[in-house]
Amino acid sequence: MKSLLSPVLSRPTMFVCRRYGVLSTFKNLNSAQTMNPMSKVSSFRCSTVQNHNQIRVLNSEASGSSSGSGEVHVIVGPMFAGKTTTLLKRIKSERSNGSFQANGVKNSLYLDETIKGLCFSGRVAEAVGILCRSGVQVEAETYSLVLQECIFRQAYKKGKRVHWQMITVGFVPNEYLTVKLLILYAKAGDLDTSHIIFDKLQFKSLVSWNAMIAGHVQKGMEEVGLSLYHDMKQRDVLPDQYTFSSVFRACASLAVLEQGKQAHALLIKSQISGNIVVNSALMDMYFKCSSPSDGYLVFSKSLERNVITWTALISGYGQNGRIKDVLESFHRMIDEGYRPNHVTFLAVLSACSHGGLVDRGKEYFSSMMRDYGLQPRGKHYAAIVDLLGRAGRLQEAHEFVKNSRCEEHPVLWGALLGACKIHGDIEMVKLAARNFFDLEPENAGKYVVLSNAYASFGLWNNVAEIRRLMKDSGVKKEPGYSMIEVQRQAHFFFMEHNAHEQTAEIYKLVKDMAVSTVSLASRGLLFASMRNMYVNKQINCLITKSVAILKSDKDTRYGLDSIVTHDGDRLPCWPLANLSSFKQRCGPEAYSKLEVIGIDEAQFFEDLYDFCKEVADHDGKIVIVAGLDGDYLRRSFGSVLDVIPIADSVTKLTARCELCGERASFTLRKTEETRTELIAGAEVYMPVCRKHYVSGQVVKEAARSVLESQKVECSSIL
Ligand SMILES: Nc1ncnc2c1ncn2[C@@H]1O[C@H](COP(=O)(O)OP(=O)(O)O)[C@@H](O)[C@H]1O
Ligand SMILES: Cc1cn([C@H]2C[C@H](O)[C@@H](COP(=O)(O)O)O2)c(=O)[nH]c1=O
């Protein structure tokens with residue numbers, strides 16, 4: 001290694017930061033760089049994984065230095081260090097930084113290959129464009145892949161274009177493709193079309209029922225979803241985990257506890273082992289139906305737990321106003337070795353706010369970044385503003401907003417405005433409103449917040465003024481509503497509407513409760529089923545450079561056709577047994593157009609060196625290699641280190657030590673398995689620092705010798 005670095009660069013600087021995935025980067029100097037003294041200095045970069053811009057700087061510099069020929073960039077580190085995340089980021093940034101010409105599609109065989117290649121490299125927009133312009137039929141398998149990609153990327157309009165293409169070229173989809181189309185329309189929320197397809201299906205499989213049920217539940221038509229579920233059961237189609245997830249979601253939204261319980265009973269009877277997704281939906285159902293004890297029961301019985309189930313428990317308690325349980329569960333989660341995420345902290349901060357726990361809330365807020373490397377987001381800052389505001393510390397809340405480094409400032413001013421409502425300060429209302437309106441002119445909700453704030457001061461003229469403004473500017477705000485099930489009947493309560501027949505009695509009861517009890521828990525119980533109706537999703541379709549991602553087909557942990565980070569971010573890939581088969585599988589035409597090739601799990605490819613050399617030196621492509629540099633015994637793993645002499649840059653990432661939170665450079669195997677290759681995740685491996693790697697090995701060795709001696713004793717007794 002030393003000989004690869006100039007004296008200036010021989011000591012790679014470590015950039016220590018409190019986030020996960022700390023990295024140090026040093027670039028290998030090729031001959032062109034050595035001749036240019038400037039490049040020696042400027043080529044040395046440090047960056048955090050999260051800093052996208054810095055990674056781009058590294059890329060563009062690297063591109064410049066290779067004068068148009070290929071490049072090899074290597075990303076190594078222990079497990080959980082962010083290698084796949086970094087690879088994905090680089091691939092995405094490369095992809096959006098180039099151009100692709102895919103003209104001259106001559107025959108349909110080539111068309112099939114081109115479209116598949118584009119789909120595999122995540123370029124579904126181009127695949128659909130080429131297919132629709134071609135005017136010819138492609139194979140059912142190709143249609144299936146394009147539709148799958150459109151569904152996966154939520155590119156529903158593109159999926160519908162593919163369907164139109166099928167119709168115009170006279171392609172008749174088989175049963176399998178018809179169900180794919182049904183899923184597409186159901187997920188797109190085009191339920192009329194999905195009904196037409198569904199009704200025409202000869203055989204209504206479980207997959208098609210599930211698509212219909214989920215489609216309706218997602219669209220807020222929970223009753224129809226539940227009635228489809230009952231139809232399905234009547235036709236003797238047995239539900240599975242996906243069905244139950246949708247059903248529990250529907251019951252949660254409608255707050256129909258009895259129906260939820262019946263579905264739960266069927267889940268138990270069907271002996272379907274509840275996975276994390278089903279269990280989380282089930283817990284959510286109980287919590288939203290104001291049955292926290294049942295929610296907890298589901299949690300306590302679930303064999304599989306992770307941050308999602310813990311967060312569902314914590315948020316559920318929060319929804320029910322059980323502040324003490326929120327905090328106790330949060331600490332239990334940490335004690336049991338689970339790492340909270342942004343959503344967990346939001347639930348905790350909001351509980352502190354509702355419980356008036358100002359100091360504890362502030363401490364949790366600081367702990368997010370300090371102890372878990374989580375950068376607070378707008379909603380976390382807003383929760384602190386709310387916390388201070390509710391406690392009457394409006395000046396402090398104002399100072400906090402002014403001094404915060406949060407980019408989502410409008411949210412904070414909005415929170416301050418909301419807080420002013422509780423502890424009236426009309427000057428502060430005006431200040432917060434001015435900032436909120438200036439920063440967020442398009443937000444319809446701001447009018448409601450401001451009007452509510454004025455209303456709480458009894459400034460009815462101002463309220464009327466705001467309402468008039470809303471009307472004049474055509475702003476419409478969907479009415480908020482809550483629901484609750486009583487004796488198997490769902491009751492809806494719309495804001496500012498007294499449509500419910502028992503309105504008067506209910507208001508009297510609420511008033512009595514407000515007077516007689518200060519317990520937040522009971523209030524939480526009453527309003528537990530308030531929820532948001534709309535979710536905005538953004539689709540990023542900026543795909544322009546030709547890329548392909550390859551992965552070893554040995555890694556089947558999160559699915560074969562995608563590379564998936566431990567956080568669940570993913571891109572489609574080519575799963576391969578060896579790299580040398582890639583050119584042939586991709587096809588010469590598609591290969592020649594490729595500009596960037598990413599390789600994940602590189603430690604499993606024996607032909608890594610030969611492939612990288614040929615692809616970068618002869619074919620002029622950019623190769624980004626991500627893999628483990630060392631195995632669980634810290635020996636060089638596969639051929640990853642062999643490519644360093646032909647690399648333009650090497651990035652060593654570190655994770656967080658699972659035992660002390662320090663930077664982790666090594667992977668400890670928790671089992672006694674001695675094979676080098678053992679595909680697994682956190683159940684078998686953990687990233688550790690040097691100290692804990694060494695002590696971990698000592699502990700394992702000690703345990704081994706105890707077990708060995710017991711074996712000897714047993715066999716001598718026998
Ligand atoms: N101990 C840990 N240290 C750092 N990140 C962790 C740890 N445990 C889980 N993670 C998660 O793993 C993510 C990195 O996943 P990924 O990019 O797939 O890593 P790699 O490919 O290096 O195994 C991090 O963003 C973080 O959310
Ligand atoms: C240390 C070590 C790891 N592996 C396996 C375990 C995983 O399947 C992959 C690494 O995945 P990640 O993306 O880096 O998280 O490699 C192995 O087979 N042998 C080992 O010693």
# chains A, B, ... in the order shown; residues from 1 in each chain; ligands from 1

$ residues_around --residues "Glu222 (chain A)" --least-positions-apart "5" --cutoff "7 Å" --atoms "only C-alpha atoms" --output "list in words"
His216, Val217 and Ala250 of chain A

$ write_last_selection --atoms "C-alpha atoms" --output "JSON list (two decimals), in the first residue's frame"
[["chain", "number", "residue", "atom", "x", "y", "z"],
["A", 216, "HIS", "CA", -58.78, -0.18, -1.78],
["A", 217, "VAL", "CA", -57.24, 0.15, 1.67],
["A", 250, "ALA", "CA", -58.26, -1.21, 7.26]]

$ residues_near_ligand --ligand "ligand 1" --cutoff "7 Å" --atoms "only C-alpha atoms and all ligand atoms" --output "list in words"
Tyr20, Gly21, Gly77, Pro78, Met79, Phe80, Ala81, Gly82, Lys83, Thr84, Thr85, Thr86, Val564, Thr565, His566, Asp567, Ala655, Arg656, Cys657, Glu658, Met686 and Pro687 of chain A

$ residues_near_ligand --ligand "ligand 2" --cutoff "9 Å" --atoms "only C-alpha atoms and all ligand atoms" --output "number ranges by chain"
A: 76-84, 554-557, 563-566, 600-601, 603-604, 626-628, 630-635, 637, 666-669, 674-682, 684-687

$ write_last_selection --atoms "N, CA and C atoms" --output "CSV table (one decimal), in the first residue's frame"
chain,number,residue,atom,x,y,z
A,76,VAL,N,-14.4,-0.3,0.6
A,76,VAL,CA,-14.3,-1.4,1.5
A,76,VAL,C,-14.7,-1.1,2.9
A,77,GLY,N,-14.7,-2.0,3.8
A,77,GLY,CA,-15.0,-1.8,5.2
A,77,GLY,C,-15.7,-3.0,5.8
A,78,PRO,N,-16.0,-3.0,7.1
A,78,PRO,CA,-16.7,-4.1,7.7
A,78,PRO,C,-18.2,-4.1,7.3
A,79,MET,N,-18.9,-5.1,7.8
A,79,MET,CA,-20.3,-5.1,7.5
A,79,MET,C,-21.0,-3.9,8.2
A,80,PHE,N,-22.1,-3.4,7.7
A,80,PHE,CA,-22.9,-2.3,8.2
A,80,PHE,C,-22.1,-1.0,8.1
A,81,ALA,N,-21.0,-0.9,7.3
A,81,ALA,CA,-20.3,0.3,7.3
A,81,ALA,C,-20.9,1.3,6.3
A,82,GLY,N,-21.8,0.8,5.4
A,82,GLY,CA,-22.4,1.7,4.4
A,82,GLY,C,-21.8,1.5,3.1
A,83,LYS,N,-21.3,0.4,2.8
A,83,LYS,CA,-20.6,0.1,1.5
A,83,LYS,C,-21.7,0.1,0.4
A,84,THR,N,-22.8,-0.6,0.6
A,84,THR,CA,-23.8,-0.7,-0.4
A,84,THR,C,-24.5,0.7,-0.5
A,554,LYS,N,-24.6,-15.3,-4.7
A,554,LYS,CA,-24.6,-16.1,-3.4
A,554,LYS,C,-25.4,-15.3,-2.3
A,555,ASP,N,-25.5,-13.9,-2.5
A,555,ASP,CA,-26.1,-13.1,-1.5
A,555,ASP,C,-27.6,-13.0,-1.8
A,556,THR,N,-28.4,-13.8,-1.1
A,556,THR,CA,-29.8,-13.9,-1.3
A,556,THR,C,-30.6,-13.3,-0.1
A,557,ARG,N,-29.9,-12.6,0.7
A,557,ARG,CA,-30.5,-12.1,2.0
A,557,ARG,C,-31.8,-11.3,1.8
A,563,ILE,N,-29.8,-5.0,-5.2
A,563,ILE,CA,-28.8,-4.8,-4.1
A,563,ILE,C,-29.6,-4.0,-3.1
A,564,VAL,N,-29.5,-4.4,-1.9
A,564,VAL,CA,-30.3,-3.7,-0.8
A,564,VAL,C,-29.4,-3.4,0.4
A,565,THR,N,-29.6,-2.1,0.8
A,565,THR,CA,-28.8,-1.7,2.0
A,565,THR,C,-29.4,-2.3,3.2
A,566,HIS,N,-28.7,-2.2,4.3
A,566,HIS,CA,-29.3,-2.7,5.6
A,566,HIS,C,-30.5,-1.8,6.0
A,600,ASP,N,-21.4,-5.2,-6.2
A,600,ASP,CA,-21.6,-5.3,-4.7
A,600,ASP,C,-21.2,-6.7,-4.3
A,601,GLU,N,-20.9,-6.8,-3.0
A,601,GLU,CA,-20.5,-8.1,-2.4
A,601,GLU,C,-19.3,-8.7,-3.2
A,603,GLN,N,-16.4,-9.5,-2.6
A,603,GLN,CA,-15.5,-10.5,-2.0
A,603,GLN,C,-15.9,-11.9,-2.5
A,604,PHE,N,-17.1,-12.0,-3.0
A,604,PHE,CA,-17.5,-13.4,-3.5
A,604,PHE,C,-17.1,-13.7,-5.0
A,626,ALA,N,-17.7,-2.6,-4.4
A,626,ALA,CA,-17.9,-2.5,-3.0
A,626,ALA,C,-17.9,-3.9,-2.4
A,627,GLY,N,-17.1,-4.0,-1.3
A,627,GLY,CA,-17.1,-5.3,-0.7
A,627,GLY,C,-16.3,-5.3,0.6
A,628,LEU,N,-16.3,-6.5,1.3
A,628,LEU,CA,-15.6,-6.6,2.6
A,628,LEU,C,-14.1,-6.7,2.2
A,630,GLY,N,-12.0,-7.6,4.7
A,630,GLY,CA,-11.5,-8.7,5.6
A,630,GLY,C,-12.7,-9.6,6.0
A,631,ASP,N,-12.4,-10.8,6.2
A,631,ASP,CA,-13.5,-11.7,6.7
A,631,ASP,C,-13.6,-11.6,8.2
A,632,TYR,N,-14.3,-12.6,8.8
A,632,TYR,CA,-14.5,-12.5,10.3
A,632,TYR,C,-13.3,-12.7,11.1
A,633,LEU,N,-12.2,-13.3,10.4
A,633,LEU,CA,-11.0,-13.5,11.1
A,633,LEU,C,-10.0,-12.4,10.8
A,634,ARG,N,-10.4,-11.4,10.0
A,634,ARG,CA,-9.7,-10.2,9.6
A,634,ARG,C,-8.6,-10.6,8.6
A,635,ARG,N,-8.9,-11.7,7.8
A,635,ARG,CA,-8.0,-12.1,6.8
A,635,ARG,C,-8.5,-11.4,5.5
A,637,PHE,N,-10.2,-10.8,2.2
A,637,PHE,CA,-11.4,-11.6,1.8
A,637,PHE,C,-11.5,-11.7,0.3
A,666,PHE,N,-14.0,-3.7,12.0
A,666,PHE,CA,-13.9,-5.2,11.8
A,666,PHE,C,-15.3,-5.8,12.0
A,667,THR,N,-15.4,-7.0,11.5
A,667,THR,CA,-16.7,-7.8,11.6
A,667,THR,C,-16.5,-9.0,12.5
A,668,LEU,N,-17.2,-9.0,13.6
A,668,LEU,CA,-17.1,-10.2,14.5
A,668,LEU,C,-18.2,-11.2,14.2
A,669,ARG,N,-17.9,-12.4,14.1
A,669,ARG,CA,-18.9,-13.5,13.9
A,669,ARG,C,-19.3,-14.0,15.2
A,674,THR,N,-17.1,-22.0,11.1
A,674,THR,CA,-15.7,-21.6,10.7
A,674,THR,C,-15.6,-21.5,9.2
A,675,ARG,N,-16.6,-21.7,8.4
A,675,ARG,CA,-16.5,-21.5,6.9
A,675,ARG,C,-16.2,-20.0,6.7
A,676,THR,N,-15.4,-19.7,5.7
A,676,THR,CA,-15.2,-18.3,5.4
A,676,THR,C,-16.5,-17.7,4.9
A,677,GLU,N,-17.1,-18.3,4.0
A,677,GLU,CA,-18.3,-17.7,3.4
A,677,GLU,C,-19.5,-18.2,4.2
A,678,LEU,N,-20.2,-17.3,4.8
A,678,LEU,CA,-21.4,-17.6,5.5
A,678,LEU,C,-22.4,-16.4,5.3
A,679,ILE,N,-23.3,-16.6,4.4
A,679,ILE,CA,-24.3,-15.5,4.1
A,679,ILE,C,-25.2,-15.2,5.3
A,680,ALA,N,-25.2,-14.1,5.9
A,680,ALA,CA,-26.0,-13.8,7.0
A,680,ALA,C,-26.0,-12.3,7.3
A,681,GLY,N,-26.8,-11.9,8.2
A,681,GLY,CA,-26.8,-10.4,8.6
A,681,GLY,C,-26.5,-10.3,10.1
A,682,ALA,N,-27.3,-9.4,10.7
A,682,ALA,CA,-27.0,-9.0,12.1
A,682,ALA,C,-27.2,-10.2,13.1
A,684,VAL,N,-25.8,-13.0,12.8
A,684,VAL,CA,-24.6,-13.7,12.9
A,684,VAL,C,-23.4,-12.8,13.1
A,685,TYR,N,-23.5,-11.6,12.5
A,685,TYR,CA,-22.3,-10.7,12.5
A,685,TYR,C,-22.6,-9.4,13.2
A,686,MET,N,-21.5,-8.8,13.7
A,686,MET,CA,-21.7,-7.4,14.2
A,686,MET,C,-20.4,-6.6,14.0
A,687,PRO,N,-20.5,-5.3,13.6
A,687,PRO,CA,-19.3,-4.5,13.5
A,687,PRO,C,-18.8,-4.1,14.8

$ residues_around --residues "Ala211 (chain A)" --least-positions-apart "5" --cutoff "8 Å" --atoms "only C-alpha atoms" --output "PDB file with N, CA and C atoms, in the first residue's frame"
ATOM      1  N   LEU A 182     -53.251  -5.976 -13.188  1.00  0.00           N
ATOM      2  CA  LEU A 182     -54.205  -5.714 -12.109  1.00  0.00           C
ATOM      3  C   LEU A 182     -53.488  -5.049 -10.926  1.00  0.00           C
ATOM      4  N   ILE A 183     -52.333  -5.604 -10.570  1.00  0.00           N
ATOM      5  CA  ILE A 183     -51.564  -5.030  -9.448  1.00  0.00           C
ATOM      6  C   ILE A 183     -51.186  -3.586  -9.770  1.00  0.00           C
ATOM      7  N   ALA A 186     -54.225  -1.386  -9.433  1.00  0.00           N
ATOM      8  CA  ALA A 186     -54.658  -1.292  -8.032  1.00  0.00           C
ATOM      9  C   ALA A 186     -53.704  -0.397  -7.248  1.00  0.00           C
ATOM     10  N   LYS A 187     -52.397  -0.595  -7.475  1.00  0.00           N
ATOM     11  CA  LYS A 187     -51.427   0.234  -6.732  1.00  0.00           C
ATOM     12  C   LYS A 187     -51.500   1.679  -7.172  1.00  0.00           C
TER      13      LYS A 187
END

$ closest_residue --among "A:Trp413, A:Asp617, A:Leu254, A:Met212" --to "Asp192 (chain A)" --atoms "only C-alpha atoms"
A:Met212

$ residues_around --residues "Lys219 (chain A)" --least-positions-apart "3" --cutoff "12 Å" --atoms "only C-alpha atoms" --output "ChimeraX atom specification"
/A:185-191,212-216,222-225,246,249-250,253,533-535

$ residues_around --residues "Leu131 (chain A)" --least-positions-apart "5" --cutoff "8 Å" --atoms "only C-alpha atoms" --output "number ranges by chain"
A: 111, 115, 136, 162, 165

$ write_last_selection --atoms "N, CA and C atoms" --output "compact mmCIF listing (two decimals), in the first residue's frame"
# COMPACT_ATOMS: atom_id res chain seq x y z
N LEU A 111 -34.33 -5.65 -29.23
CA LEU A 111 -35.22 -4.80 -28.45
C LEU A 111 -35.45 -5.42 -27.06
N ILE A 115 -34.28 -3.58 -23.67
CA ILE A 115 -35.27 -3.19 -22.65
C ILE A 115 -34.94 -3.86 -21.32
N VAL A 136 -43.62 -2.70 -31.86
CA VAL A 136 -43.62 -4.16 -32.05
C VAL A 136 -43.84 -4.87 -30.71
N VAL A 162 -47.20 1.03 -20.96
CA VAL A 162 -46.81 -0.31 -21.42
C VAL A 162 -48.08 -1.10 -21.76
N GLN A 165 -49.31 0.00 -24.99
CA GLN A 165 -48.47 -0.54 -26.07
C GLN A 165 -48.90 -1.96 -26.39

$ residues_around --residues "Gly598 (chain A)" --least-positions-apart "3" --cutoff "10 Å" --atoms "only C-alpha atoms" --output "ChimeraX atom specification"
/A:72-74,84,87-88,90-91,121,547-551,573,602,622-626

$ decode --residues "region 237-270 of chain A" --atoms "N, CA and C atoms" --output "JSON list (two decimals), in the first residue's frame"
[["chain", "number", "residue", "atom", "x", "y", "z"],
["A", 237, "VAL", "N", -60.89, -18.94, -0.54],
["A", 237, "VAL", "CA", -59.48, -18.58, -0.77],
["A", 237, "VAL", "C", -58.90, -18.21, 0.60],
["A", 238, "LEU", "N", -57.83, -18.88, 0.98],
["A", 238, "LEU", "CA", -57.29, -18.63, 2.32],
["A", 238, "LEU", "C", -56.39, -17.40, 2.33],
["A", 239, "PRO", "N", -56.61, -16.52, 3.29],
["A", 239, "PRO", "CA", -55.77, -15.32, 3.34],
["A", 239, "PRO", "C", -54.33, -15.66, 3.72],
["A", 240, "ASP", "N", -53.40, -14.77, 3.36],
["A", 240, "ASP", "CA", -52.01, -14.95, 3.79],
["A", 240, "ASP", "C", -51.56, -13.68, 4.54],
["A", 241, "GLN", "N", -50.25, -13.58, 4.77],
["A", 241, "GLN", "CA", -49.75, -12.45, 5.55],
["A", 241, "GLN", "C", -50.09, -11.11, 4.91],
["A", 242, "TYR", "N", -50.04, -11.07, 3.54],
["A", 242, "TYR", "CA", -50.30, -9.80, 2.86],
["A", 242, "TYR", "C", -51.76, -9.39, 3.05],
["A", 243, "THR", "N", -52.65, -10.41, 2.98],
["A", 243, "THR", "CA", -54.07, -10.10, 3.18],
["A", 243, "THR", "C", -54.26, -9.51, 4.58],
["A", 244, "PHE", "N", -53.68, -10.22, 5.58],
["A", 244, "PHE", "CA", -53.91, -9.78, 6.96],
["A", 244, "PHE", "C", -53.35, -8.38, 7.19],
["A", 245, "SER", "N", -52.20, -8.08, 6.58],
["A", 245, "SER", "CA", -51.63, -6.73, 6.77],
["A", 245, "SER", "C", -52.64, -5.69, 6.31],
["A", 246, "SER", "N", -53.22, -5.91, 5.12],
["A", 246, "SER", "CA", -54.18, -4.91, 4.60],
["A", 246, "SER", "C", -55.42, -4.86, 5.50],
["A", 247, "VAL", "N", -55.88, -6.04, 5.93],
["A", 247, "VAL", "CA", -57.10, -6.08, 6.74],
["A", 247, "VAL", "C", -56.88, -5.33, 8.06],
["A", 248, "PHE", "N", -55.73, -5.58, 8.70],
["A", 248, "PHE", "CA", -55.46, -4.88, 9.97],
["A", 248, "PHE", "C", -55.36, -3.37, 9.75],
["A", 249, "ARG", "N", -54.74, -3.01, 8.61],
["A", 249, "ARG", "CA", -54.63, -1.58, 8.32],
["A", 249, "ARG", "C", -56.03, -0.97, 8.16],
["A", 250, "ALA", "N", -56.90, -1.71, 7.47],
["A", 250, "ALA", "CA", -58.26, -1.21, 7.26],
["A", 250, "ALA", "C", -58.98, -1.07, 8.60],
["A", 251, "CYS", "N", -58.85, -2.10, 9.43],
["A", 251, "CYS", "CA", -59.54, -2.07, 10.74],
["A", 251, "CYS", "C", -59.00, -0.93, 11.59],
["A", 252, "ALA", "N", -57.69, -0.68, 11.49],
["A", 252, "ALA", "CA", -57.10, 0.41, 12.27],
["A", 252, "ALA", "C", -57.68, 1.73, 11.81],
["A", 253, "SER", "N", -57.77, 1.92, 10.49],
["A", 253, "SER", "CA", -58.27, 3.20, 9.98],
["A", 253, "SER", "C", -59.73, 3.40, 10.35],
["A", 254, "LEU", "N", -60.51, 2.34, 10.29],
["A", 254, "LEU", "CA", -61.93, 2.47, 10.59],
["A", 254, "LEU", "C", -62.21, 2.36, 12.08],
["A", 255, "ALA", "N", -61.17, 2.03, 12.84],
["A", 255, "ALA", "CA", -61.31, 1.80, 14.29],
["A", 255, "ALA", "C", -62.38, 0.75, 14.58],
["A", 256, "VAL", "N", -62.41, -0.31, 13.77],
["A", 256, "VAL", "CA", -63.40, -1.37, 14.01],
["A", 256, "VAL", "C", -62.71, -2.55, 14.71],
["A", 257, "LEU", "N", -62.70, -2.44, 16.01],
["A", 257, "LEU", "CA", -61.95, -3.39, 16.83],
["A", 257, "LEU", "C", -62.46, -4.83, 16.66],
["A", 258, "GLU", "N", -63.79, -4.99, 16.65],
["A", 258, "GLU", "CA", -64.33, -6.36, 16.60],
["A", 258, "GLU", "C", -63.87, -7.10, 15.35],
["A", 259, "GLN", "N", -63.97, -6.40, 14.20],
["A", 259, "GLN", "CA", -63.55, -7.03, 12.94],
["A", 259, "GLN", "C", -62.06, -7.34, 12.97],
["A", 260, "GLY", "N", -61.31, -6.45, 13.56],
["A", 260, "GLY", "CA", -59.87, -6.66, 13.67],
["A", 260, "GLY", "C", -59.58, -7.89, 14.50],
["A", 261, "LYS", "N", -60.34, -8.04, 15.59],
["A", 261, "LYS", "CA", -60.13, -9.19, 16.48],
["A", 261, "LYS", "C", -60.46, -10.50, 15.76],
["A", 262, "GLN", "N", -61.54, -10.45, 14.97],
["A", 262, "GLN", "CA", -61.92, -11.67, 14.23],
["A", 262, "GLN", "C", -60.82, -12.06, 13.25],
["A", 263, "ALA", "N", -60.27, -11.05, 12.56],
["A", 263, "ALA", "CA", -59.19, -11.34, 11.61],
["A", 263, "ALA", "C", -57.97, -11.87, 12.36],
["A", 264, "HIS", "N", -57.72, -11.32, 13.54],
["A", 264, "HIS", "CA", -56.60, -11.79, 14.34],
["A", 264, "HIS", "C", -56.79, -13.27, 14.71],
["A", 265, "ALA", "N", -58.04, -13.60, 15.08],
["A", 265, "ALA", "CA", -58.33, -14.99, 15.45],
["A", 265, "ALA", "C", -58.06, -15.91, 14.26],
["A", 266, "LEU", "N", -58.45, -15.44, 13.06],
["A", 266, "LEU", "CA", -58.24, -16.27, 11.87],
["A", 266, "LEU", "C", -56.75, -16.41, 11.57],
["A", 267, "LEU", "N", -56.02, -15.34, 11.82],
["A", 267, "LEU", "CA", -54.56, -15.40, 11.61],
["A", 267, "LEU", "C", -53.96, -16.49, 12.48],
["A", 268, "ILE", "N", -54.41, -16.53, 13.75],
["A", 268, "ILE", "CA", -53.88, -17.54, 14.68],
["A", 268, "ILE", "C", -54.29, -18.93, 14.21],
["A", 269, "LYS", "N", -55.58, -19.05, 13.83],
["A", 269, "LYS", "CA", -56.09, -20.35, 13.39],
["A", 269, "LYS", "C", -55.37, -20.84, 12.12],
["A", 270, "SER", "N", -55.06, -19.91, 11.23],
["A", 270, "SER", "CA", -54.43, -20.30, 9.96],
["A", 270, "SER", "C", -52.99, -20.75, 10.16]]
